[in-house]
Every structure is written in structure tokens, then in C-alpha cells.
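Participant: For reference, the file model.cif (mmCIF, C-alpha atoms and all ligand atoms) is included below:
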```cif
data_protein
#
loop_
_atom_site.label_atom_id
_atom_site.label_comp_id
_atom_site.auth_asym_id
_atom_site.auth_seq_id
_atom_site.Cartn_x
_atom_site.Cartn_y
_atom_site.Cartn_z
CA MET K 1 55.87 92.12 -2.05
CA LEU K 2 54.35 88.66 -2.52
CA ILE K 3 50.59 88.53 -1.93
CA LEU K 4 48.32 85.52 -1.74
CA GLY K 5 44.86 86.23 -3.17
CA ILE K 6 41.77 84.22 -2.20
CA GLU K 7 38.44 84.37 -4.04
CA THR K 8 35.35 82.61 -2.63
CA SER K 9 32.48 85.05 -3.29
CA CYS K 10 30.31 82.67 -5.30
CA ASP K 11 30.93 79.30 -6.93
CA GLU K 12 34.65 79.36 -7.76
CA THR K 13 37.41 78.78 -5.23
CA GLY K 14 40.41 80.72 -6.53
CA VAL K 15 43.89 81.26 -5.11
CA ALA K 16 46.84 83.07 -6.67
CA LEU K 17 50.25 84.57 -5.98
CA TYR K 18 50.92 88.10 -7.22
CA ASP K 19 54.28 89.78 -6.85
CA SER K 20 54.43 93.61 -6.94
CA GLN K 21 57.53 93.49 -9.14
CA HIS K 22 57.12 90.36 -11.22
CA GLY K 23 53.33 90.24 -11.62
CA LEU K 24 51.21 87.10 -11.49
CA LEU K 25 53.32 84.08 -10.52
CA ALA K 26 50.72 81.33 -10.24
CA ASP K 27 47.02 80.74 -9.85
CA ALA K 28 44.74 77.77 -9.19
CA LEU K 29 40.99 77.50 -9.53
CA HIS K 30 38.31 75.02 -8.57
CA SER K 31 34.90 75.52 -10.15
CA GLN K 32 31.76 74.22 -8.44
CA ILE K 33 29.76 74.32 -11.67
CA ASP K 34 29.19 70.55 -11.88
CA MET K 35 27.91 70.48 -8.31
CA HIS K 36 25.38 73.31 -8.82
CA ALA K 37 24.35 72.30 -12.37
CA GLN K 38 21.88 69.67 -11.13
CA TYR K 39 19.97 72.43 -9.26
CA GLY K 40 20.08 74.83 -12.22
CA GLY K 41 21.69 77.57 -10.11
CA VAL K 42 24.15 78.22 -7.30
CA VAL K 43 23.00 76.79 -3.93
CA PRO K 44 24.63 79.11 -1.34
CA GLU K 45 25.02 76.59 1.49
CA LEU K 46 26.59 73.99 -0.81
CA ALA K 47 28.91 76.69 -2.18
CA SER K 48 30.20 77.58 1.33
CA ARG K 49 30.80 73.94 2.24
CA ASP K 50 32.65 73.23 -0.96
CA HIS K 51 34.91 76.28 -0.48
CA ILE K 52 35.84 74.83 2.94
CA ARG K 53 36.65 71.46 1.36
CA LYS K 54 38.71 72.82 -1.52
CA ILE K 55 40.63 75.82 -0.21
CA SER K 56 43.50 73.99 1.57
CA PRO K 57 44.24 71.46 -1.20
CA LEU K 58 44.08 74.28 -3.75
CA LEU K 59 46.60 76.29 -1.75
CA GLU K 60 48.94 73.28 -1.58
CA GLN K 61 48.64 72.91 -5.34
CA LEU K 62 49.42 76.62 -5.78
CA PHE K 63 52.60 76.35 -3.72
CA ASP K 64 53.64 73.12 -5.48
CA ASP K 65 53.15 74.76 -8.90
CA SER K 66 54.93 78.00 -8.02
CA GLY K 67 57.85 76.66 -5.96
CA HIS K 68 57.00 79.18 -3.22
CA ASN K 69 55.90 78.40 0.32
CA LEU K 70 53.93 80.10 3.10
CA ASN K 71 57.02 81.79 4.54
CA ASP K 72 57.55 83.75 1.31
CA LEU K 73 54.24 85.59 1.72
CA ASN K 74 54.12 89.27 2.69
CA GLY K 75 50.35 89.52 2.91
CA VAL K 76 47.02 87.81 2.29
CA ALA K 77 44.18 89.40 0.31
CA TYR K 78 40.70 87.87 0.22
CA THR K 79 37.37 88.86 -1.30
CA ALA K 80 35.35 90.63 1.40
CA GLY K 81 32.30 91.36 -0.81
CA PRO K 82 29.99 91.70 -2.58
CA GLY K 83 28.86 88.07 -2.85
CA LEU K 84 27.23 85.19 -0.98
CA ILE K 85 27.74 85.85 2.70
CA GLY K 86 28.59 82.28 3.76
CA ALA K 87 30.95 81.80 0.84
CA LEU K 88 32.69 85.11 1.59
CA MET K 89 33.10 84.12 5.25
CA VAL K 90 35.04 81.01 4.27
CA GLY K 91 37.67 82.99 2.31
CA ALA K 92 37.80 85.79 4.88
CA GLY K 93 38.09 83.39 7.83
CA PHE K 94 40.77 81.36 6.09
CA GLY K 95 42.71 84.42 4.88
CA GLN K 96 42.60 86.24 8.20
CA SER K 97 43.65 83.14 10.20
CA LEU K 98 46.48 82.34 7.83
CA ALA K 99 47.80 85.91 7.92
CA TRP K 100 47.51 86.02 11.73
CA SER K 101 49.38 82.70 12.11
CA LEU K 102 52.17 83.95 9.82
CA GLY K 103 52.30 87.38 11.46
CA ILE K 104 51.63 89.19 8.16
CA PRO K 105 48.88 91.67 7.21
CA ALA K 106 45.52 90.75 5.68
CA LEU K 107 43.23 92.81 3.48
CA GLY K 108 39.60 92.38 2.38
CA VAL K 109 39.25 93.26 -1.32
CA HIS K 110 36.19 94.37 -3.33
CA HIS K 111 35.25 91.66 -5.83
CA MET K 112 34.18 94.11 -8.55
CA GLU K 113 37.37 96.14 -8.19
CA GLY K 114 39.12 92.81 -8.74
CA HIS K 115 37.20 92.35 -12.00
CA LEU K 116 37.73 95.96 -13.03
CA MET K 117 41.49 95.77 -12.57
CA ALA K 118 41.88 92.31 -14.15
CA PRO K 119 42.96 93.57 -17.61
CA LEU K 120 45.69 95.63 -15.95
CA MET K 121 47.43 92.52 -14.59
CA ASP K 122 49.10 92.49 -17.99
CA PRO K 123 52.03 94.95 -17.60
CA GLU K 124 51.83 95.74 -21.35
CA ILE K 125 48.37 97.26 -20.90
CA GLU K 126 48.08 100.87 -19.85
CA VAL K 127 44.82 102.76 -19.78
CA PRO K 128 44.88 106.56 -19.52
CA LEU K 129 42.70 108.01 -16.76
CA PRO K 130 39.86 108.73 -16.68
CA PHE K 131 38.28 105.79 -18.51
CA VAL K 132 34.87 104.13 -18.63
CA ALA K 133 34.43 100.59 -17.32
CA LEU K 134 31.62 98.24 -18.30
CA LEU K 135 31.33 95.66 -15.52
CA VAL K 136 29.20 92.74 -16.62
CA SER K 137 28.96 89.66 -14.44
CA GLY K 138 26.40 87.27 -12.98
CA GLY K 139 25.56 89.75 -10.22
CA HIS K 140 26.35 93.18 -11.70
CA THR K 141 25.86 95.29 -14.82
CA GLN K 142 27.39 98.70 -14.30
CA LEU K 143 28.90 101.55 -16.26
CA VAL K 144 31.50 103.29 -14.14
CA LYS K 145 33.70 106.32 -14.71
CA VAL K 146 37.12 105.46 -13.32
CA LYS K 147 38.68 108.78 -12.29
CA ALA K 148 41.56 107.03 -10.52
CA ILE K 149 42.07 103.53 -9.18
CA GLY K 150 39.74 103.56 -6.16
CA SER K 151 37.74 106.61 -7.30
CA TYR K 152 34.64 105.38 -9.08
CA GLU K 153 31.56 107.24 -10.26
CA LEU K 154 28.53 105.11 -11.07
CA LEU K 155 27.13 106.24 -14.44
CA GLY K 156 24.44 103.60 -14.78
CA GLU K 157 23.46 100.09 -13.74
CA SER K 158 20.84 97.44 -14.23
CA LEU K 159 17.58 98.22 -12.49
CA ASP K 160 16.72 94.51 -12.31
CA ASP K 161 18.65 91.43 -13.53
CA ALA K 162 22.37 91.56 -14.25
CA ALA K 163 23.39 90.73 -17.82
CA GLY K 164 24.95 87.39 -16.81
CA GLU K 165 21.84 86.48 -14.85
CA ALA K 166 19.71 87.25 -17.94
CA PHE K 167 21.98 85.05 -20.08
CA ASP K 168 21.66 82.26 -17.51
CA LYS K 169 17.88 82.50 -17.30
CA ALA K 170 17.42 82.66 -21.08
CA ALA K 171 19.69 79.61 -21.43
CA LYS K 172 17.54 77.75 -18.91
CA MET K 173 14.42 78.50 -20.97
CA LEU K 174 16.21 77.07 -24.00
CA ASP K 175 17.27 73.93 -22.08
CA LEU K 176 20.96 74.73 -22.45
CA GLY K 177 23.66 73.98 -19.84
CA PHE K 178 24.65 75.86 -16.67
CA PRO K 179 25.92 78.52 -16.25
CA GLY K 180 24.06 79.54 -19.36
CA GLY K 181 26.15 82.41 -20.78
CA PRO K 182 28.79 80.36 -22.61
CA TYR K 183 26.22 77.71 -23.71
CA LEU K 184 23.86 80.33 -25.07
CA ALA K 185 26.71 82.05 -26.93
CA LYS K 186 27.73 78.71 -28.47
CA CYS K 187 24.16 77.88 -29.49
CA ALA K 188 23.70 81.40 -30.97
CA GLU K 189 26.63 80.82 -33.36
CA HIS K 190 24.33 78.73 -35.57
CA GLY K 191 21.36 81.09 -35.26
CA ASP K 192 19.85 83.29 -37.94
CA PRO K 193 20.17 86.93 -36.77
CA GLY K 194 17.32 88.08 -39.03
CA ARG K 195 14.53 85.75 -37.91
CA PHE K 196 13.51 87.32 -34.58
CA ARG K 197 13.98 90.85 -33.36
CA PHE K 198 14.08 91.23 -29.60
CA PRO K 199 13.73 94.67 -27.92
CA ARG K 200 16.77 96.76 -26.96
CA PRO K 201 15.53 97.75 -23.46
CA MET K 202 15.78 101.37 -22.31
CA THR K 203 17.67 102.53 -25.39
CA ASP K 204 14.83 104.79 -26.61
CA ARG K 205 15.17 107.14 -23.65
CA PRO K 206 18.19 108.99 -22.31
CA GLY K 207 20.32 107.63 -19.50
CA LEU K 208 22.79 104.87 -18.84
CA ASP K 209 20.73 102.41 -16.81
CA PHE K 210 19.90 98.93 -18.07
CA SER K 211 16.95 96.57 -17.63
CA PHE K 212 16.98 92.95 -18.69
CA SER K 213 13.85 91.52 -17.11
CA GLY K 214 11.58 92.47 -20.06
CA LEU K 215 13.98 90.72 -22.42
CA LYS K 216 13.65 87.63 -20.29
CA THR K 217 9.84 87.71 -20.60
CA PHE K 218 10.16 88.32 -24.36
CA THR K 219 12.39 85.24 -24.60
CA LEU K 220 9.92 83.13 -22.63
CA ASN K 221 7.02 84.23 -24.84
CA THR K 222 8.99 83.48 -28.00
CA VAL K 223 9.91 80.04 -26.64
CA ASN K 224 6.25 79.34 -25.78
CA ASP K 225 5.14 80.41 -29.26
CA HIS K 226 7.49 77.91 -30.89
CA VAL K 227 7.37 74.80 -28.74
CA SER K 228 5.60 72.03 -30.61
CA GLY K 229 4.92 68.32 -30.67
CA ALA K 230 3.61 66.08 -27.89
CA ASP K 231 6.71 66.72 -25.78
CA HIS K 232 6.56 70.53 -26.22
CA GLN K 233 10.13 70.81 -27.47
CA LEU K 234 11.87 73.50 -29.49
CA SER K 235 13.59 72.44 -32.67
CA ASP K 236 17.37 72.93 -32.76
CA LYS K 237 16.89 75.68 -35.34
CA ASP K 238 14.33 77.56 -33.22
CA ARG K 239 16.61 77.25 -30.21
CA ALA K 240 19.62 78.65 -32.09
CA ASP K 241 17.59 81.48 -33.68
CA ILE K 242 16.13 82.53 -30.30
CA ALA K 243 19.58 82.36 -28.65
CA ARG K 244 20.97 84.52 -31.45
CA ALA K 245 18.17 87.08 -31.16
CA PHE K 246 18.64 87.27 -27.38
CA GLU K 247 22.41 87.70 -27.63
CA GLU K 248 22.05 90.33 -30.38
CA ALA K 249 19.64 92.31 -28.19
CA VAL K 250 21.94 92.26 -25.13
CA VAL K 251 25.06 93.04 -27.14
CA ASP K 252 23.38 95.87 -29.09
CA THR K 253 21.96 97.39 -25.92
CA MET K 254 25.38 97.38 -24.30
CA ALA K 255 27.03 98.91 -27.37
CA ILE K 256 24.44 101.73 -27.41
CA LYS K 257 24.89 102.47 -23.68
CA CYS K 258 28.68 102.29 -23.87
CA ARG K 259 28.75 104.75 -26.76
CA ARG K 260 26.54 107.10 -24.75
CA ALA K 261 28.77 106.76 -21.68
CA LEU K 262 31.86 107.60 -23.72
CA GLU K 263 30.16 110.61 -25.30
CA GLN K 264 28.86 111.84 -21.96
CA THR K 265 32.24 111.60 -20.24
CA GLY K 266 34.35 112.62 -23.25
CA VAL K 267 36.78 109.73 -22.78
CA ASP K 268 38.10 107.41 -25.46
CA HIS K 269 39.01 104.22 -23.55
CA LEU K 270 36.52 101.59 -22.51
CA LEU K 271 37.53 98.74 -20.23
CA MET K 272 35.18 95.80 -19.98
CA ALA K 273 35.40 93.07 -17.32
CA GLY K 274 33.40 90.37 -15.52
CA GLY K 275 32.11 87.01 -16.77
CA VAL K 276 30.03 88.38 -19.66
CA SER K 277 33.09 90.22 -21.05
CA ALA K 278 34.19 86.76 -22.27
CA ASN K 279 31.37 86.95 -24.82
CA ALA K 280 32.93 87.01 -28.30
CA ARG K 281 30.08 88.86 -30.00
CA LEU K 282 30.10 91.58 -27.32
CA ARG K 283 33.86 92.07 -27.79
CA GLU K 284 33.46 92.20 -31.56
CA ARG K 285 30.50 94.61 -31.50
CA LEU K 286 32.11 97.07 -29.06
CA GLY K 287 35.27 97.01 -31.18
CA GLU K 288 33.24 97.84 -34.32
CA LYS K 289 30.74 100.33 -32.94
CA LEU K 290 32.76 102.43 -30.52
CA ASN K 291 35.07 105.17 -31.51
CA ALA K 292 37.35 104.14 -28.64
CA THR K 293 40.02 101.70 -27.57
CA VAL K 294 38.34 98.68 -25.98
CA ILE K 295 40.26 96.68 -23.36
CA TYR K 296 39.28 93.39 -21.75
CA PRO K 297 41.02 90.59 -19.82
CA PRO K 298 42.06 87.23 -21.28
CA ALA K 299 39.10 84.79 -21.14
CA GLN K 300 40.27 82.94 -17.98
CA TYR K 301 40.38 86.22 -16.02
CA CYS K 302 36.92 87.42 -17.12
CA THR K 303 35.12 85.00 -14.81
CA ASP K 304 35.89 84.74 -11.07
CA ASN K 305 39.49 83.91 -10.14
CA GLY K 306 42.02 84.41 -7.35
CA ALA K 307 44.50 86.31 -9.53
CA MET K 308 42.38 89.46 -9.73
CA ILE K 309 42.07 89.51 -5.93
CA ALA K 310 45.80 89.00 -5.38
CA HIS K 311 46.45 91.81 -7.89
CA VAL K 312 44.22 94.40 -6.18
CA GLY K 313 45.47 93.18 -2.79
CA ALA K 314 49.10 93.76 -3.83
CA LEU K 315 48.30 97.26 -5.07
CA ARG K 316 46.38 98.32 -1.98
CA MET K 317 48.70 96.62 0.53
CA ALA K 318 51.69 98.32 -1.07
CA ALA K 319 49.92 101.60 -0.16
CA GLY K 320 49.69 100.40 3.46
CA GLU K 321 46.07 99.23 3.56
CA ARG K 322 45.19 96.54 6.09
CA SER K 323 41.97 95.01 7.46
CA PRO K 324 41.67 94.52 11.21
CA LEU K 325 41.55 90.96 12.58
CA GLY K 326 38.03 89.55 12.20
CA VAL K 327 35.72 88.15 9.56
CA ALA K 328 34.02 91.31 8.25
CA VAL K 329 32.32 90.61 4.91
CA ARG K 330 29.52 92.33 2.99
CA ALA K 331 26.92 90.76 0.70
CA ARG K 332 26.35 94.24 -0.76
CA TRP K 333 29.09 96.80 -1.12
CA PRO K 334 28.86 99.71 -3.58
CA LEU K 335 32.06 100.23 -5.56
CA THR K 336 31.64 103.98 -5.01
CA GLU K 337 32.43 103.52 -1.29
CA LEU K 338 36.06 102.65 -2.10
CA SER K 339 38.85 105.18 -1.90
CA VAL K 340 42.14 105.75 -3.71
CA PRO K 341 44.82 103.37 -2.28
CA GLY K 342 46.68 105.07 0.55
CA ASP K 343 44.19 107.98 0.90
O1 LIG D 401 32.14 87.39 -13.11
P1 LIG D 401 31.52 86.05 -12.98
O2 LIG D 401 32.39 84.83 -13.08
O3 LIG D 401 30.76 85.90 -11.63
C1 LIG D 401 30.15 86.94 -10.96
O4 LIG D 401 30.86 87.77 -10.32
O5 LIG D 401 28.90 87.00 -11.09
O6 LIG D 401 30.37 86.00 -14.10
C2 LIG D 401 29.60 84.86 -14.32
C3 LIG D 401 28.56 85.17 -15.39
C4 LIG D 401 27.56 84.04 -15.57
O7 LIG D 401 26.26 84.61 -15.56
C5 LIG D 401 27.91 83.47 -16.93
O8 LIG D 401 26.82 82.90 -17.62
C6 LIG D 401 28.45 84.70 -17.65
O9 LIG D 401 29.20 85.37 -16.66
N1 LIG D 401 29.29 84.36 -18.80
C7 LIG D 401 28.96 84.65 -20.09
C8 LIG D 401 29.99 84.12 -20.90
N2 LIG D 401 30.91 83.53 -20.08
C9 LIG D 401 30.46 83.70 -18.80
N3 LIG D 401 27.90 85.31 -20.60
C10 LIG D 401 27.84 85.45 -21.95
N4 LIG D 401 28.78 84.96 -22.79
C11 LIG D 401 29.86 84.30 -22.32
N5 LIG D 401 30.77 83.82 -23.17
ZN ZN D 402 32.66 87.96 -10.38
#
```
Represent the supplied structure as C-alpha cells.

Facilitator:
Amino acid sequence: MLILGIETSCDETGVALYDSQHGLLADALHSQIDMHAQYGGVVPELASRDHIRKISPLLEQLFDDSGHNLNDLNGVAYTAGPGLIGALMVGAGFGQSLAWSLGIPALGVHHMEGHLMAPLMDPEIEVPLPFVALLVSGGHTQLVKVKAIGSYELLGESLDDAAGEAFDKAAKMLDLGFPGGPYLAKCAEHGDPGRFRFPRPMTDRPGLDFSFSGLKTFTLNTVNDHVSGADHQLSDKDRADIARAFEEAVVDTMAIKCRRALEQTGVDHLLMAGGVSANARLRERLGEKLNATVIYPPAQYCTDNGAMIAHVGALRMAAGERSPLGVAVRARWPLTELSVPGD
């Protein structure tokens, strides 16, 4: 079964071909980062328009690269949520129309299930059920018990900002690039971990929820305490030390909560996915601190991509799932509303 996957939930246009037997055959991605960077954040209307501009040429490129063509497809999967509503509508409208014109089924896929399943695109990787998943992206920070594919129990989540959002906002305060996560991580490499100690929010009380907004305020106050000179600038050293302290606090907090989640559920496999799972220090720390096997996707499949949508689409369509004709998308969509494929 050859499935085309389409991802347009935020600021990346992604398309990919996933074959049920042979795995991922090809994927192509266009990032809108340069377009949004001048505004310091994603502008939803610009995102939708750019998806419209890029989706057809990207699909042509995908078919050129893979040697396949439209007539080889058995189904089309697209991200139906959660995400920016206009951006989602572009992928859903395109996917549904294409499937209808080819007389093949279409399926709306959950973006976070796409992230969650991304490490499993590698046929070498098997994770025994149940396992715990740490989903950390620009829009979500969640700890989930995965009882089966499609059966998810929410163990904890951020009560305010998502981890990626906190990285992005802290990076903005430090005058680093956009999106801030990778820039902040790079800057933190030169930082002194002992100079500042930032709080580890909500680790002194039981539970698996997160909160990153206080850390953001703490970062702002530290920045304000150290800006100097007529132009109110931070020195490179102050910037690196603050970035390091911020990253240490986020990474430590996640390690503490992940250890708790594993203890609470009695499982010994942790899967981590989403944009922030690309963070090298987070990977290293979880590997050191957890008495568990830690699994994560290759860096290019941590952030948004079409491959993860094609993958989940192939799995669910093989079980007979279909979405009716129409452009039904959801800005919010709890992962816990999903069901086991075929049930
Ligand atoms: O999963 P993703 O591509 O999009 C959403 O579904 O939100 O995640 C994007 C987020 C951004 O906030 C970005 O700054 C963050 O992932 N990110 C990182 C790193 N790479 C991407 N955060 C920390 N360290 C990184 N290396
Ligand atoms: Zn994402």
C-alpha cells in the first residue's frame, strides 16, 4: 500500500511516500522559517498562503525524486489537527481533492500521533508496549502512557507554555535567531553551567504536569539584570551563560518528570518525539539519568515533516480507516480521543 502523506499544520510544508512493505520511499520539505523570521514568530495567514504556493511544486519534486507517479498511490493521508486552522485546511483540501480525483481513500491524521510514531518508521526499532512517550514540540509538552498504538493515556502536560515555545521565547530575549530552540542550544554550548541556577518548575511537588512560564520570567529578569552599556546589550558570555542555565533547567525538569512517569507506570522504555527531542543535551541527560531505554527519531524527523504523517496514514489506512469527503480539521484535538486502528 503506497500512501502519500501531507503535513501543513504550522510552518513546514511536508510531503512523503510511505509504503506498507518497504517503508519510507521519499520525502520533501519546504520550511517557511525565513519568511516568518522577520516577524519573530509564525504569522498564520502567511503560513496558509505559502502552503498553497509550495504544495504542488513539492509534490512534483517528490515524484521526480522517487520515480513514482500519482497513479501508484493507494491513499492520501494529511494532517487534520491539531495546528493552525488555515494551514491545516490547505493540506486537508489538497489531500481530499487529490484522493477524490484519483478515486482513492483519504485520511486525516493526528499531528502528535505522527510525532509519536516517528521513531518507529525505522523497521529496526521495536518498542515493547506499554511505553511512556515524552512529546515535546512548539505547541505541546505531554507525558503519555502508550498502551497500544491509538490508545493513549495522558499522564501530564504543560499547564502554560510548551517547552519549544519556552525555548523560542527565551531565545528571543537573548536576541538569538528564529525558531529559537536550535539557536539557544548552540549558544548554550559555550555557557558556564555553574554561573546561574534557574528553577526546576513544579519538581518539588508530586505529579507529572509541567509549567514553563515562570522560567520565562526568570530568564527575562536575569537578562535585565545583566544588560549594560548605552545600548543595553548582553555580553556574549552573559548570553551563553543564561542560555546554558535555561537549557539546564528545562532538561533537568524533563528528566525528573520522565523518571517519575516511568516509576509510576512501571515501564522501562521511554520514547521521545517532537521538535525539542532534537536537543542534544536532553537526549544525553535522559540517557544518563533514566533507568530505561530511551528512543527518539533521527534529527530530521523530530521537527515537522510529511514522512511521519504518511507513516501513520499507512498504518491506519491498512486497518481500513477513511475520512469522509470534506475539509474537516481541528485546531485542538486531544490525543486521548484517538482509538486503536481498526477498532
Ligand atoms: O515539532 P515541531 O517541529 O513543531 C510543532 O509541532 O510545534 O517543533 C518545533 C519546536 C520549536 O519550538 C523549536 O524551537 C524546537 O522545536 N526545537 C528545539 C530544537 N530543535 C527544534 N528546541 C530545543 N533544542 C533543539 N535542538
Ligand atoms: Zn509538530

Participant: What do you get as a VMD selection string if you pick all residues at most 6 Å from ligand ZN 402 (chain D), counting only C-alpha atoms and all ligand atoms?

Facilitator: chain K and resid 137 274 303 to 304

Participant: Hey, can you spit out that residue selection with C-alpha atoms as a PDB file, in the coordinates of the input?

Facilitator:
```pdb
ATOM      1  CA  SER K 137      28.960  89.660 -14.440  1.00  0.00           C
ATOM      2  CA  GLY K 274      33.400  90.370 -15.520  1.00  0.00           C
ATOM      3  CA  THR K 303      35.120  85.000 -14.810  1.00  0.00           C
ATOM      4  CA  ASP K 304      35.890  84.740 -11.070  1.00  0.00           C
TER       5      ASP K 304
END
```

Participant: Ligand LIG 401 (chain D): which residues are within 8 Å, counting all atoms listed in the file? Reply as a compact mmCIF listing (two decimals) with C-alpha atoms, in the frame of the given file.

Facilitator:
```txt
# COMPACT_ATOMS: atom_id res chain seq x y z
CA SER K 9 32.48 85.05 -3.29
CA CYS K 10 30.31 82.67 -5.30
CA GLU K 12 34.65 79.36 -7.76
CA GLY K 83 28.86 88.07 -2.85
CA HIS K 111 35.25 91.66 -5.83
CA MET K 112 34.18 94.11 -8.55
CA HIS K 115 37.20 92.35 -12.00
CA VAL K 136 29.20 92.74 -16.62
CA SER K 137 28.96 89.66 -14.44
CA GLY K 138 26.40 87.27 -12.98
CA GLY K 139 25.56 89.75 -10.22
CA HIS K 140 26.35 93.18 -11.70
CA ALA K 163 23.39 90.73 -17.82
CA GLY K 164 24.95 87.39 -16.81
CA GLU K 165 21.84 86.48 -14.85
CA ALA K 166 19.71 87.25 -17.94
CA PHE K 167 21.98 85.05 -20.08
CA ASP K 168 21.66 82.26 -17.51
CA PHE K 178 24.65 75.86 -16.67
CA PRO K 179 25.92 78.52 -16.25
CA GLY K 180 24.06 79.54 -19.36
CA GLY K 181 26.15 82.41 -20.78
CA PRO K 182 28.79 80.36 -22.61
CA TYR K 183 26.22 77.71 -23.71
CA LEU K 184 23.86 80.33 -25.07
CA ALA K 185 26.71 82.05 -26.93
CA LYS K 186 27.73 78.71 -28.47
CA ALA K 273 35.40 93.07 -17.32
CA GLY K 274 33.40 90.37 -15.52
CA GLY K 275 32.11 87.01 -16.77
CA VAL K 276 30.03 88.38 -19.66
CA SER K 277 33.09 90.22 -21.05
CA ALA K 278 34.19 86.76 -22.27
CA ASN K 279 31.37 86.95 -24.82
CA ALA K 280 32.93 87.01 -28.30
CA CYS K 302 36.92 87.42 -17.12
CA THR K 303 35.12 85.00 -14.81
CA ASP K 304 35.89 84.74 -11.07
CA ASN K 305 39.49 83.91 -10.14
```

Participant: From the set K:Ile3, K:Leu234, K:Leu290, K:Ala47, which residue has the shortest atom-to-atom contact distance to Asn71 in chain K, counting all atoms listed in the file?

Facilitator: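 For Asn71 in chain K, the nearest of the candidates is K:Ile3.
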
Participant: When you look at range 254-270 of chain K with a cut-off of 8 Å (counting only C-alpha atoms), what residues show up, excluding the ones that are within fewer than 3 positions of it in the same chain? I need them as a short mmCIF file (atom, residue, chain, number, x, y, z; two decimals) with C-alpha atoms, keeping the file's coordinate frame.

Facilitator:
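Result file part-v9.cif:
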```cif
data_model
loop_
_atom_site.label_atom_id
_atom_site.label_comp_id
_atom_site.auth_asym_id
_atom_site.auth_seq_id
_atom_site.Cartn_x
_atom_site.Cartn_y
_atom_site.Cartn_z
CA VAL K 127 44.82 102.76 -19.78
CA PRO K 128 44.88 106.56 -19.52
CA PRO K 130 39.86 108.73 -16.68
CA PHE K 131 38.28 105.79 -18.51
CA VAL K 132 34.87 104.13 -18.63
CA ALA K 133 34.43 100.59 -17.32
CA LEU K 134 31.62 98.24 -18.30
CA LEU K 143 28.90 101.55 -16.26
CA LYS K 145 33.70 106.32 -14.71
CA LEU K 155 27.13 106.24 -14.44
CA THR K 203 17.67 102.53 -25.39
CA LEU K 208 22.79 104.87 -18.84
CA VAL K 250 21.94 92.26 -25.13
CA VAL K 251 25.06 93.04 -27.14
CA LEU K 282 30.10 91.58 -27.32
CA ARG K 285 30.50 94.61 -31.50
CA LEU K 286 32.11 97.07 -29.06
CA LYS K 289 30.74 100.33 -32.94
CA LEU K 290 32.76 102.43 -30.52
CA ASN K 291 35.07 105.17 -31.51
CA ALA K 292 37.35 104.14 -28.64
CA THR K 293 40.02 101.70 -27.57
CA VAL K 294 38.34 98.68 -25.98
CA ILE K 295 40.26 96.68 -23.36
#
```

Participant: Using all atoms listed in the file, what does the table of range 94-177 of chain K residues within 10 Å of range 327-343 of chain K look like, with each row giving the shortest atom pair and its distance in Å to one decimal, sorted by chain and ascending number, as a Markdown table?

Facilitator:
```
| residue | atom | partner | partner_atom | distance |
| --- | --- | --- | --- | --- |
| K:Phe94 | CA | K:Val327 | CA | 9.1 |
| K:Gly95 | CA | K:Val327 | CA | 9.2 |
| K:Gln96 | CA | K:Val327 | CA | 7.3 |
| K:Ser97 | CA | K:Val327 | CA | 9.4 |
| K:Gly108 | CA | K:Val329 | CA | 7.9 |
| K:Val109 | CA | K:Val329 | CA | 9.7 |
| K:His110 | CA | K:Leu335 | CA | 7.5 |
| K:His111 | CA | K:Leu335 | CA | 9.1 |
| K:Met112 | CA | K:Leu335 | CA | 7.1 |
| K:Glu113 | CA | K:Leu335 | CA | 7.2 |
| K:Val144 | CA | K:Leu335 | CA | 9.1 |
| K:Lys147 | CA | K:Val340 | CA | 9.7 |
| K:Ala148 | CA | K:Val340 | CA | 7.0 |
| K:Ile149 | CA | K:Val340 | CA | 5.9 |
| K:Gly150 | CA | K:Val340 | CA | 4.1 |
| K:Ser151 | CA | K:Ser339 | CA | 5.7 |
| K:Tyr152 | CA | K:Thr336 | CA | 5.2 |
| K:Glu153 | CA | K:Thr336 | CA | 6.2 |
| K:Leu154 | CA | K:Thr336 | CA | 6.9 |
```

Participant: What gap, in Å, lies between CA of Asp160 in chain K and CA of Ser213 in chain K?

Facilitator: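 So the answer is 6.3 Å.
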
Participant: For Gly287 in chain K, which residue among K:Ala170, K:Gly114, K:Leu271, K:Pro206 is the nearest when counting only C-alpha atoms?

Facilitator: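 Distance minimum relative to Gly287 in chain K lands on K:Leu271.
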
Participant: Could you check the closest approach to Gly40 in chain K for each of K:Gly320, K:Gly177, K:Gly156, K:Pro119 and tell me which residue wins, using only C-alpha atoms?

Facilitator: K:Gly177

Participant: Quick check, in Å to one decimal: how far apart do CA of Ala314 in chain K and CA of Arg283 in chain K lie?

Facilitator: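 It comes out at 28.4 Å.
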
Participant: Find the distance between CA of Ala37 in chain K and CA of Leu159 in chain K and write it in Å to one decimal.

Facilitator: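 CA of Ala37 in chain K sits 26.8 Å away from CA of Leu159 in chain K.
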
Participant: Looking at only C-alpha atoms, which of K:Gly214, K:Asp209, K:Ala188, K:Pro193 is the one that sits closest to Arg239 in chain K?

Facilitator: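 Comparing K:Gly214, K:Asp209, K:Ala188, K:Pro193 against Arg239 in chain K, the winner is K:Ala188.
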
Participant: Would you be able to write out as a VMD selection string which residues have an atom within 9 Å of (16.9, 93.3, -30.3) in the file's coordinates, counting only C-alpha atoms?

Facilitator: chain K and resid 196 to 201 215 245 to 253

Participant: Between K:Ser235, K:Lys172, K:Leu135, K:Ala318, single out the one closest to Leu220 in chain K, counting all atoms listed in the file.

Facilitator: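 Result for the nearest residue to Leu220 in chain K: K:Lys172.
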
Participant: Go through K:Glu157, K:Lys169, K:Tyr39, K:Leu174 one by one, measure the shortest atom-to-atom distance of each to Gly207 in chain K using all atoms listed in the file, and give the residue with the smallest value.

Facilitator: K:Glu157
